[in-house]
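**Student:** Structure file protein_5.pdb (PDB, C-alpha atoms and all ligand atoms) is given on the next line.
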```pdb
MODEL        1
ATOM      1  CA  MET P 167     -11.196   7.940  10.778
ATOM      2  CA  SER P 168      -8.433   6.773   8.424
ATOM      3  CA  VAL P 169      -8.496   3.223   7.080
ATOM      4  CA  ILE P 170      -5.524   2.401   9.302
ATOM      5  CA  ASP P 171      -7.500   3.536  12.328
ATOM      6  CA  GLU P 172     -10.379   1.322  11.172
ATOM      7  CA  VAL P 173      -7.962  -1.598  10.895
ATOM      8  CA  LEU P 174      -6.636  -0.990  14.393
ATOM      9  CA  LYS P 175     -10.182  -1.009  15.718
ATOM     10  CA  ALA P 176     -10.983  -4.232  13.849
ATOM     11  CA  ASN P 177      -7.790  -5.835  15.152
ATOM     12  CA  GLU P 178      -8.767  -4.979  18.710
ATOM     13  CA  ALA P 179     -12.050  -6.836  18.130
ATOM     14  CA  TYR P 180     -10.258  -9.787  16.480
ATOM     15  CA  ALA P 181      -7.752 -10.128  19.324
ATOM     16  CA  GLN P 182     -10.611 -10.801  21.770
ATOM     17  CA  HIS P 183     -10.831 -14.291  20.226
ATOM     18  CA  HIS P 184      -7.653 -14.675  18.124
ATOM     19  CA  GLU P 185      -8.820 -17.929  16.550
ATOM     20  CA  LEU P 186      -5.676 -18.259  14.404
ATOM     21  CA  ARG P 187      -3.574 -18.683  17.548
ATOM     22  CA  HIS P 188      -3.204 -22.425  16.946
ATOM     23  CA  VAL P 189      -2.418 -22.322  13.222
ATOM     24  CA  SER P 190       0.983 -23.905  12.493
ATOM     25  CA  PRO P 191       3.628 -21.719  10.815
ATOM     26  CA  ARG P 192       4.316 -24.728   8.570
ATOM     27  CA  PRO P 193       1.802 -24.713   5.681
ATOM     28  CA  LYS P 194      -0.549 -27.657   6.152
ATOM     29  CA  ARG P 195      -0.808 -28.475   2.441
ATOM     30  CA  ARG P 196       2.898 -27.823   1.874
ATOM     31  CA  LEU P 197       2.252 -25.409  -0.980
ATOM     32  CA  ALA P 198       3.915 -22.112  -1.847
ATOM     33  CA  VAL P 199       2.144 -19.717  -4.223
ATOM     34  CA  LEU P 200       3.764 -16.726  -5.876
ATOM     35  CA  THR P 201       1.304 -14.281  -7.346
ATOM     36  CA  CYS P 202       0.557 -10.623  -8.022
ATOM     37  CA  MET P 203      -0.720  -8.258  -5.344
ATOM     38  CA  ASP P 204      -3.843  -7.770  -7.492
ATOM     39  CA  THR P 205      -7.074  -7.401  -5.510
ATOM     40  CA  ARG P 206      -8.985  -9.905  -7.656
ATOM     41  CA  LEU P 207      -7.071 -12.997  -6.623
ATOM     42  CA  GLU P 208      -7.293 -14.206  -3.036
ATOM     43  CA  LYS P 209      -6.696 -17.530  -1.292
ATOM     44  CA  HIS P 210     -10.342 -18.592  -1.575
ATOM     45  CA  THR P 211     -10.035 -18.148  -5.366
ATOM     46  CA  LEU P 212      -7.655 -21.124  -5.105
ATOM     47  CA  GLY P 213      -9.663 -23.061  -2.546
ATOM     48  CA  LEU P 214      -7.019 -22.421   0.095
ATOM     49  CA  ALA P 215      -7.761 -21.862   3.741
ATOM     50  CA  THR P 216      -5.668 -19.983   6.286
ATOM     51  CA  GLY P 217      -2.709 -22.162   7.229
ATOM     52  CA  ASP P 218      -2.712 -24.186   3.996
ATOM     53  CA  ALA P 219       0.022 -22.409   2.048
ATOM     54  CA  HIS P 220       2.609 -19.672   1.903
ATOM     55  CA  ILE P 221       1.310 -16.967  -0.383
ATOM     56  CA  LEU P 222       4.005 -14.622  -1.651
ATOM     57  CA  ARG P 223       2.856 -11.513  -3.439
ATOM     58  CA  ASN P 224       4.455  -8.645  -5.291
ATOM     59  CA  ALA P 225       3.555  -6.441  -8.249
ATOM     60  CA  GLY P 226       3.312  -8.845 -11.193
ATOM     61  CA  GLY P 227       4.100 -12.110  -9.400
ATOM     62  CA  ILE P 228       7.777 -11.805 -10.300
ATOM     63  CA  VAL P 229      10.615 -14.087  -9.173
ATOM     64  CA  THR P 230      12.894 -11.455  -7.638
ATOM     65  CA  ASP P 231      15.894 -12.068  -5.368
ATOM     66  CA  ASP P 232      13.630 -11.598  -2.397
ATOM     67  CA  VAL P 233      11.049 -14.079  -3.694
ATOM     68  CA  ILE P 234      13.823 -16.646  -4.099
ATOM     69  CA  ARG P 235      14.957 -15.905  -0.548
ATOM     70  CA  SER P 236      11.403 -16.432   0.720
ATOM     71  CA  LEU P 237      10.886 -19.626  -1.292
ATOM     72  CA  VAL P 238      14.174 -21.054  -0.012
ATOM     73  CA  VAL P 239      12.993 -20.374   3.566
ATOM     74  CA  SER P 240       9.537 -21.747   2.717
ATOM     75  CA  HIS P 241      10.960 -25.014   1.393
ATOM     76  CA  HIS P 242      14.050 -25.642   3.501
ATOM     77  CA  LEU P 243      12.802 -24.313   6.839
ATOM     78  CA  LEU P 244       9.047 -24.630   6.669
ATOM     79  CA  GLY P 245       8.510 -27.722   4.558
ATOM     80  CA  THR P 246       6.689 -26.609   1.405
ATOM     81  CA  ASN P 247       7.279 -28.976  -1.509
ATOM     82  CA  GLU P 248       5.242 -27.610  -4.432
ATOM     83  CA  VAL P 249       5.302 -24.131  -6.006
ATOM     84  CA  MET P 250       2.661 -22.371  -8.097
ATOM     85  CA  ILE P 251       3.551 -19.212 -10.007
ATOM     86  CA  ILE P 252       0.461 -17.234 -10.995
ATOM     87  CA  ASN P 253       0.370 -14.123 -13.176
ATOM     88  CA  HIS P 254      -2.928 -12.673 -14.381
ATOM     89  CA  THR P 255      -4.706 -10.911 -17.218
ATOM     90  CA  ASP P 256      -5.206  -7.141 -16.981
ATOM     91  CA  CYS P 257      -2.122  -6.723 -14.780
ATOM     92  CA  GLY P 258      -0.973  -3.180 -14.035
ATOM     93  CA  LEU P 259       2.515  -4.065 -15.274
ATOM     94  CA  MET P 260       1.225  -5.356 -18.598
ATOM     95  CA  ASP P 261       1.961  -3.544 -21.835
ATOM     96  CA  ARG P 262       4.300  -1.105 -20.155
ATOM     97  CA  THR P 263       7.972  -0.938 -20.952
ATOM     98  CA  GLU P 264      10.610  -0.487 -18.306
ATOM     99  CA  GLU P 265      11.312   3.035 -19.631
ATOM    100  CA  GLU P 266       7.633   4.005 -19.464
ATOM    101  CA  LEU P 267       7.328   2.794 -15.891
ATOM    102  CA  GLN P 268      10.511   4.595 -14.824
ATOM    103  CA  ARG P 269       9.374   7.792 -16.553
ATOM    104  CA  LEU P 270       5.874   7.613 -15.056
ATOM    105  CA  VAL P 271       7.162   7.296 -11.506
ATOM    106  CA  LEU P 272       9.841   9.930 -12.077
ATOM    107  CA  THR P 273       7.231  12.375 -13.399
ATOM    108  CA  ARG P 274       4.757  11.694 -10.594
ATOM    109  CA  SER P 275       7.266  11.819  -7.772
ATOM    110  CA  GLY P 276       9.478  14.544  -9.197
ATOM    111  CA  SER P 277      12.648  12.760  -8.182
ATOM    112  CA  ASP P 278      14.885   9.929  -9.267
ATOM    113  CA  ALA P 279      15.774   6.998  -7.045
ATOM    114  CA  VAL P 280      18.282   4.148  -6.993
ATOM    115  CA  ALA P 281      15.719   1.454  -6.152
ATOM    116  CA  PRO P 282      13.729  -0.313  -7.404
ATOM    117  CA  ALA P 283      16.159  -0.841 -10.234
ATOM    118  CA  ARG P 284      13.485  -2.594 -12.320
ATOM    119  CA  PHE P 285       9.701  -2.712 -12.446
ATOM    120  CA  PHE P 286       9.465  -5.897 -14.553
ATOM    121  CA  GLY P 287       6.879  -4.621 -17.005
ATOM    122  CA  PHE P 288       5.855  -7.187 -19.623
ATOM    123  CA  SER P 289       3.702  -7.609 -22.710
ATOM    124  CA  ASN P 290       2.997 -11.342 -22.996
ATOM    125  CA  VAL P 291       1.629 -12.760 -19.758
ATOM    126  CA  GLU P 292       2.280 -16.422 -20.656
ATOM    127  CA  GLU P 293       5.844 -15.621 -21.666
ATOM    128  CA  ASN P 294       6.241 -13.729 -18.407
ATOM    129  CA  VAL P 295       5.127 -16.795 -16.421
ATOM    130  CA  ARG P 296       7.660 -18.940 -18.322
ATOM    131  CA  GLN P 297      10.428 -16.496 -17.480
ATOM    132  CA  GLN P 298       9.568 -16.647 -13.780
ATOM    133  CA  MET P 299       9.514 -20.465 -13.882
ATOM    134  CA  GLN P 300      12.904 -20.549 -15.557
ATOM    135  CA  LYS P 301      14.409 -18.144 -13.036
ATOM    136  CA  LEU P 302      13.226 -20.343 -10.183
ATOM    137  CA  ARG P 303      14.123 -23.637 -11.821
ATOM    138  CA  SER P 304      17.675 -22.539 -12.514
ATOM    139  CA  HIS P 305      18.354 -21.560  -8.914
ATOM    140  CA  PRO P 306      20.711 -24.010  -7.146
ATOM    141  CA  TRP P 307      18.874 -23.758  -3.813
ATOM    142  CA  ILE P 308      15.534 -24.796  -5.295
ATOM    143  CA  PRO P 309      15.573 -28.606  -5.712
ATOM    144  CA  LYS P 310      15.164 -29.736  -9.317
ATOM    145  CA  GLU P 311      12.669 -32.418  -8.287
ATOM    146  CA  MET P 312      10.303 -29.954  -6.619
ATOM    147  CA  PRO P 313       7.122 -29.602  -8.687
ATOM    148  CA  GLU P 314       6.897 -26.038  -9.958
ATOM    149  CA  ARG P 315       3.995 -25.088 -12.215
ATOM    150  CA  GLY P 316       2.990 -21.819 -13.835
ATOM    151  CA  PHE P 317      -0.464 -20.349 -14.508
ATOM    152  CA  VAL P 318      -2.329 -17.353 -15.856
ATOM    153  CA  TYR P 319      -5.373 -16.310 -13.854
ATOM    154  CA  ASP P 320      -8.103 -14.787 -15.991
ATOM    155  CA  VAL P 321      -9.674 -11.977 -13.957
ATOM    156  CA  LYS P 322     -12.815 -12.077 -16.143
ATOM    157  CA  THR P 323     -13.611 -15.778 -15.770
ATOM    158  CA  GLY P 324     -11.852 -16.512 -12.466
ATOM    159  CA  ARG P 325     -10.111 -19.506 -14.088
ATOM    160  CA  LEU P 326      -6.505 -20.615 -13.978
ATOM    161  CA  LYS P 327      -4.850 -21.743 -17.171
ATOM    162  CA  GLU P 328      -1.633 -23.722 -16.971
ATOM    163  CA  VAL P 329       1.421 -22.458 -18.827
ATOM    164  CA  LEU P 330       3.849 -25.127 -19.971
ATOM    165  CA  LEU P 331       7.542 -24.448 -20.304
TER     166      LEU P 331
HETATM  167 ZN    ZN Y   1      -0.968  -7.757 -11.447
ENDMDL
END
```
Let's see the structure in the file written out as structure tokens.
**Tutor:**
Amino acid sequence: MSVIDEVLKANEAYAQHHELRHVSPRPKRRLAVLTCMDTRLEKHTLGLATGDAHILRNAGGIVTDDVIRSLVVSHHLLGTNEVMIINHTDCGLMDRTEEELQRLVLTRSGSDAVAPARFFGFSNVEENVRQQMQKLRSHPWIPKEMPERGFVYDVKTGRLKEVLL
């Protein structure tokens, strides 16, 4: 059985009770979190329960056009009013240049592609968090008064460390 088949079986069992049926689509604690897709950081790492927050994830925890789109929807349509940006130590995008990442994927896949145009590799994780904060802060559709804070999550200790602009 493939993992997807296992998931389908598990979903069938879940749907018998579907206890999240009554969860509001509006995050209860009015928080939006942008972080990496890394397996070592999950909502319970942050003390968040289902329904508490919007958790947006991509490789690196990068403020891309689509993250901005999602955060604008999160704030203006669904009522979130604080944003956390979390990058982490030992990230797969760390210490890799854009050229290296492009070359690696080109070599492995054997073909070139138009998108993604950038992988957003980085070397200094704190500096990377600052860049993401600045990108978000400078966007006209994100209110200036909305608290936006950046952090590095240490995968060894499980602790968040705040990054100041
Ligand atoms: Zn990562």
**Student:** As a list in words, please: the residues near segment 183-197 of chain P (cut-off 7 Å, only C-alpha atoms, same-chain neighbours under 5 positions excluded).
**Tutor:**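 Contacts, with the query itself left out: Gly217, Asp218, Ala219, His220, Leu244, Gly245, Thr246, Asn247, Glu248 and Val249 of chain P.
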**Student:** Could you tell me how far atom CA of Val318 of chain P lies from atom CA of Ile251 of chain P, in Å and to one decimal?
**Tutor:**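 Separation of atom CA of Val318 of chain P and atom CA of Ile251 of chain P: 8.5 Å.
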**Student:** Decode the PyMOL selection byres (((not hetatm)) within 9 of (chain Y and resi 1)) for the given file into explicit residues and return them as a ChimeraX atom specification.
**Tutor:** /P:201-205,224-227,253-260
**Student:** Using all atoms listed in the file, which residue out of P:Ile252, P:Ile234, P:Val169, P:Leu330 lies closest to Leu207 of chain P?
**Tutor:**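 For Leu207 of chain P, the nearest of the candidates is P:Ile252.
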**Student:** Could you check the closest approach to Arg296 of chain P for each of P:Leu272, P:Gly316, P:Asn177, P:Lys322 and tell me which residue wins, using only C-alpha atoms?
**Tutor:**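 Counting only C-alpha atoms, the residue closest to Arg296 of chain P is P:Gly316.
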**Student:** Exactly which residues make up the result of the PyMOL selection byres (((chain P and resi 324) around 10) and not hetatm) on this file, given as JSON, numbers by chain?
**Tutor:** {"P": [206, 207, 211, 212, 254, 319, 320, 321, 322, 323, 325, 326, 327]}
**Student:** In Å, rounded to a single decimal, give me how far atom CA of Pro309 of chain P is from atom CA of Phe288 of chain P.
**Tutor:**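 Atom CA of Pro309 of chain P lies at a distance of 27.3 Å from atom CA of Phe288 of chain P.
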**Student:** For the file shown, what are the residues hit by the PyMOL selection byres (((chain P and resi 298) around 9) and not hetatm), laid out as a ChimeraX atom specification?
**Tutor:** /P:227-230,251,293-297,299-303,316
**Student:** Atom CA of Val329 of chain P to atom CA of Asn290 of chain P: how many Å, to one decimal?
**Tutor:**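 Pair atom CA of Val329 of chain P / atom CA of Asn290 of chain P returns 12.0 Å.
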**Student:** Find, counting all atoms listed in the file, the residue in P:Arg235, P:Arg274, P:Arg262, P:Arg284 that gets nearest to His305 of chain P.
**Tutor:** P:Arg235
**Student:** Could you tell me which of P:Ala281, P:Met250, P:Val238, P:Glu328 comes closest to Ile221 of chain P if we count all atoms listed in the file?
**Tutor:**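 With all atoms listed in the file as the atom set, the closest residue is P:Met250.
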**Student:** Extending 6 Å beyond the listed atoms of segment 213-216 of chain P on each side, what axis-aligned box results? I want centre and edge lengths in Å to one decimal, as lines of an AutoDock Vina configuration file.
**Tutor:**
```
center_x = -7.7
center_y = -21.5
center_z = 1.9
size_x = 16.0
size_y = 15.1
size_z = 20.8
```
**Student:** Determine, counting all atoms listed in the file, every residue of protein, DNA or RNA that lies within 12 Å of (16.9, 0.8, -12.4) in the file coordinates, then give the result as a ChimeraX atom specification.
**Tutor:** /P:264-265,267-269,271-272,278-286
**Student:** Smallest atom-to-atom distance to Ser289 of chain P: which of P:Thr216, P:Gln182, P:Thr263, P:Ser275, using only C-alpha atoms?
**Tutor:** P:Thr263
**Student:** Which of these residues is nearest to Gly287 of chain P, using only C-alpha atoms: P:Glu266, P:Asp171, P:Arg315, P:Val199?
**Tutor:**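 Smallest distance to Gly287 of chain P is found for P:Glu266.
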